Amino acid sequence: MPDVSEIPLARLPYVEGVLSAVDIAETAASIAAMQEPCGAIPWTVGEHTDIWNHVEGAMAMLVGGQVAAAERAYAWIPTMQRADGSFPMKIVNGEAEDERGEVNMSAYFAVGLWHHWLVRRDIRFVETYWPSVRAALDWVVSLQEPFGGIRWTPVDDFCLLTGNSSIYHSLRAGVALADLMDDPQPEWELAGGRLGHAVRAHRNLFADKSTFSMDWYYPVLGGPVRGRDAFELLESRWDDFVVPGLGIHCVDTNPWVTGAETCELAMALDMLGDHRRAVRLFTDMQHLRGEDGKYWTGWVYGDPDQVELTNDKGELEPRNVHWPDEHTTYTAAAVILAADALGETSGHSSPGSGIMRGTSLAPHFQEIALECDCASPSERVARRS
């Protein structure tokens, strides 16, 4: 396993009473141990890599003390970018397994690069990767639909709510980078305004993935849904997804709690100032922590005396087991980023701890030039007067 940390433990994030700085260093090292020689961070050893989870892994390694591994991960990203600015959906051993360009994955490089700037303040690093981020976001906004959503891929005719909520976050990071580079991108701001409006007002126009918890909390985590609306959205399905003492469901139909989703919901609650429930969820999911700081993906639960049950298809399904039988880099990364966010009020954090909270990003976008049936805020005021 790589050295525990290239950064003094006193500078690493921690959450008091839950995870120490040593724990964070071990988890960051566990991600680096699964990194491929080329720099790619696969889901787990032998699995595929996608750019979104790869970037999340790089962000986590950076704040967890694996600086060289994180920067090697960033250096790999442009090597997979195509001429149109997109990235393949799935990459195995440096080759595209699924050639489709996926908008959310392509957009997320902007978040990673802005996060690196917050943590390291290395302007030359930003200058090196800014052209790649700019090309990726230009490609992403080119796939925006009239109602404001952005198509999943160029060959699919639907938009995904979770991915679009994350793209909103990426566009805010992209505009912040553009300001830093003195390279204004007004078309991204326009696209962001339309996209934010779509997520707030037209969630029914996105593909129905409502069984997945990510479609429930990501409009809050990504930033489009804020304030009282955000609290009401999270309360609306809290009991469907949250399992006290264990974490949250990935899908509402299965007795399966997953670590990454639980950490993301904790970060969404942290954004809203609900630190008590955020820390509670983060604490609850620590049963997924394994040896050497690695994290199991999830846990299939049941009554203590149940080993397996028969599902509605007559198939036997295990209970009270880790499933899949794997440790995943994206789960470990979500733990580190959640610890960094929660550490601001419950321990210690890095300069990048507000990356999901958006405190350093470009301001939220204005709703202008909408192409849906809604009026813009200024038009609504004019109609009332």
# chains A, B, ... in the order shown; residues from 1 in each chain; ligands from 1

call {"tool": "residues_around", "arguments": {"residues": "Asp340 (chain A)", "least_positions_apart": "6", "cutoff": "6 Å", "atoms": "only C-alpha atoms", "output": "PDB file with C-alpha atoms, in the first residue's frame"}}
result
ATOM      1  CA  PRO A  13      -9.704  16.276   7.841  1.00  0.00           C
ATOM      2  CA  SER A 349     -11.340  20.253   7.327  1.00  0.00           C
ATOM      3  CA  SER A 353     -14.228  21.339   2.283  1.00  0.00           C
TER       4      SER A 353
END

call {"tool": "atom_distance", "arguments": {"atom1": "CA of Ile77 (chain A)", "atom2": "CA of His115 (chain A)"}}
result
15.4 Å

call {"tool": "residues_around", "arguments": {"residues": "Thr153 (chain A)", "least_positions_apart": "5", "cutoff": "10 Å", "atoms": "only C-alpha atoms", "output": "PDB file with N, CA and C atoms, in the first residue's frame"}}
result
ATOM      1  N   SER A  86     -15.737  15.342 -25.332  1.00  0.00           N
ATOM      2  CA  SER A  86     -16.388  14.327 -24.510  1.00  0.00           C
ATOM      3  C   SER A  86     -15.402  13.248 -24.073  1.00  0.00           C
ATOM      4  N   MET A  89     -17.955   6.634 -21.867  1.00  0.00           N
ATOM      5  CA  MET A  89     -18.694   6.332 -20.655  1.00  0.00           C
ATOM      6  C   MET A  89     -17.970   5.322 -19.768  1.00  0.00           C
ATOM      7  N   ARG A 100     -20.051   5.795 -25.878  1.00  0.00           N
ATOM      8  CA  ARG A 100     -20.947   6.936 -25.733  1.00  0.00           C
ATOM      9  C   ARG A 100     -20.357   7.987 -24.803  1.00  0.00           C
ATOM     10  N   GLY A 101     -20.455   9.233 -25.212  1.00  0.00           N
ATOM     11  CA  GLY A 101     -20.074  10.320 -24.323  1.00  0.00           C
ATOM     12  C   GLY A 101     -21.209  10.583 -23.340  1.00  0.00           C
ATOM     13  N   GLU A 102     -20.898  10.687 -22.058  1.00  0.00           N
ATOM     14  CA  GLU A 102     -21.912  10.891 -21.029  1.00  0.00           C
ATOM     15  C   GLU A 102     -21.726  12.278 -20.437  1.00  0.00           C
ATOM     16  N   VAL A 103     -22.798  13.074 -20.404  1.00  0.00           N
ATOM     17  CA  VAL A 103     -22.653  14.492 -20.093  1.00  0.00           C
ATOM     18  C   VAL A 103     -22.180  14.751 -18.667  1.00  0.00           C
ATOM     19  N   ASN A 104     -22.752  14.051 -17.706  1.00  0.00           N
ATOM     20  CA  ASN A 104     -22.392  14.300 -16.319  1.00  0.00           C
ATOM     21  C   ASN A 104     -20.933  13.956 -16.048  1.00  0.00           C
ATOM     22  N   VAL A 140     -20.897  19.580 -23.361  1.00  0.00           N
ATOM     23  CA  VAL A 140     -22.056  19.278 -22.511  1.00  0.00           C
ATOM     24  C   VAL A 140     -23.211  20.226 -22.806  1.00  0.00           C
ATOM     25  N   LEU A 143     -25.713  19.876 -25.752  1.00  0.00           N
ATOM     26  CA  LEU A 143     -26.758  18.849 -25.736  1.00  0.00           C
ATOM     27  C   LEU A 143     -27.965  19.268 -24.905  1.00  0.00           C
ATOM     28  N   PHE A 158     -33.226  11.262 -23.762  1.00  0.00           N
ATOM     29  CA  PHE A 158     -33.797  11.596 -22.455  1.00  0.00           C
ATOM     30  C   PHE A 158     -32.730  12.256 -21.592  1.00  0.00           C
ATOM     31  N   CYS A 159     -33.199  12.901 -20.527  1.00  0.00           N
ATOM     32  CA  CYS A 159     -32.322  13.599 -19.594  1.00  0.00           C
ATOM     33  C   CYS A 159     -32.462  12.955 -18.218  1.00  0.00           C
TER      34      CYS A 159
END

call {"tool": "atom_distance", "arguments": {"atom1": "CA of Gly347 (chain A)", "atom2": "CA of Ile248 (chain A)"}}
result
23.5 Å

call {"tool": "select_by_dssp", "arguments": {"residues": "region 77-291 of chain A", "states": "strand (DSSP E or B)", "output": "list in words"}}
result
Pro88, Met89, Lys90, Ile91, Val92, Glu95, Ala96, Glu97, Asp98, Glu99, Arg100, Gly101, Gln144, Ile150, Arg151, Cys159, Phe212, Val242, Val243, Gly247, Ile248, His249, Val251, Trp256, Val257, Thr258 and Arg289 of chain A

call {"tool": "closest_atom_pairs", "arguments": {"of": "region 85-104 of chain A", "to": "region 30-50 of chain A", "cutoff": "9 Å", "atoms": "only C-alpha atoms", "output": "tab-separated table"}}
result
residue	atom	partner	partner_atom	distance
A:Phe87	CA	A:Asp50	CA	8.6
A:Pro88	CA	A:Asp50	CA	7.7
A:Met89	CA	A:Asp50	CA	6.0
A:Lys90	CA	A:Asp50	CA	5.3
A:Ile91	CA	A:Thr49	CA	5.1
A:Val92	CA	A:His48	CA	4.9
A:Asn93	CA	A:His48	CA	7.9
A:Gly94	CA	A:Cys38	CA	8.0
A:Glu97	CA	A:His48	CA	8.2

call {"tool": "atom_distance", "arguments": {"atom1": "CA of Val18 (chain A)", "atom2": "CA of Ala266 (chain A)"}}
result
13.6 Å

call {"tool": "residues_around", "arguments": {"residues": "Asn53 (chain A)", "least_positions_apart": "2", "cutoff": "10 Å", "atoms": "only C-alpha atoms", "output": "list in words"}}
result
Ile41, Pro42, Trp43, Thr49, Asp50, Ile51, Val55, Glu56, Gly57, Ala58, Met59, Met105, Tyr108, Thr329, Tyr330, Thr331, Ala333 and Ala334 of chain A

call {"tool": "closest_residue", "arguments": {"among": "A:Ile355, A:Ala25, A:Cys250, A:Ala201", "to": "Arg11 (chain A)", "atoms": "only C-alpha atoms"}}
result
A:Ala25

call {"tool": "closest_residue", "arguments": {"among": "A:Leu233, A:Met267, A:Val257, A:Ala135", "to": "Arg280 (chain A)", "atoms": "only C-alpha atoms"}}
result
A:Met267

call {"tool": "closest_residue", "arguments": {"among": "A:Phe147, A:Phe241, A:Trp76, A:Trp296", "to": "Cys372 (chain A)", "atoms": "only C-alpha atoms"}}
result
A:Phe147
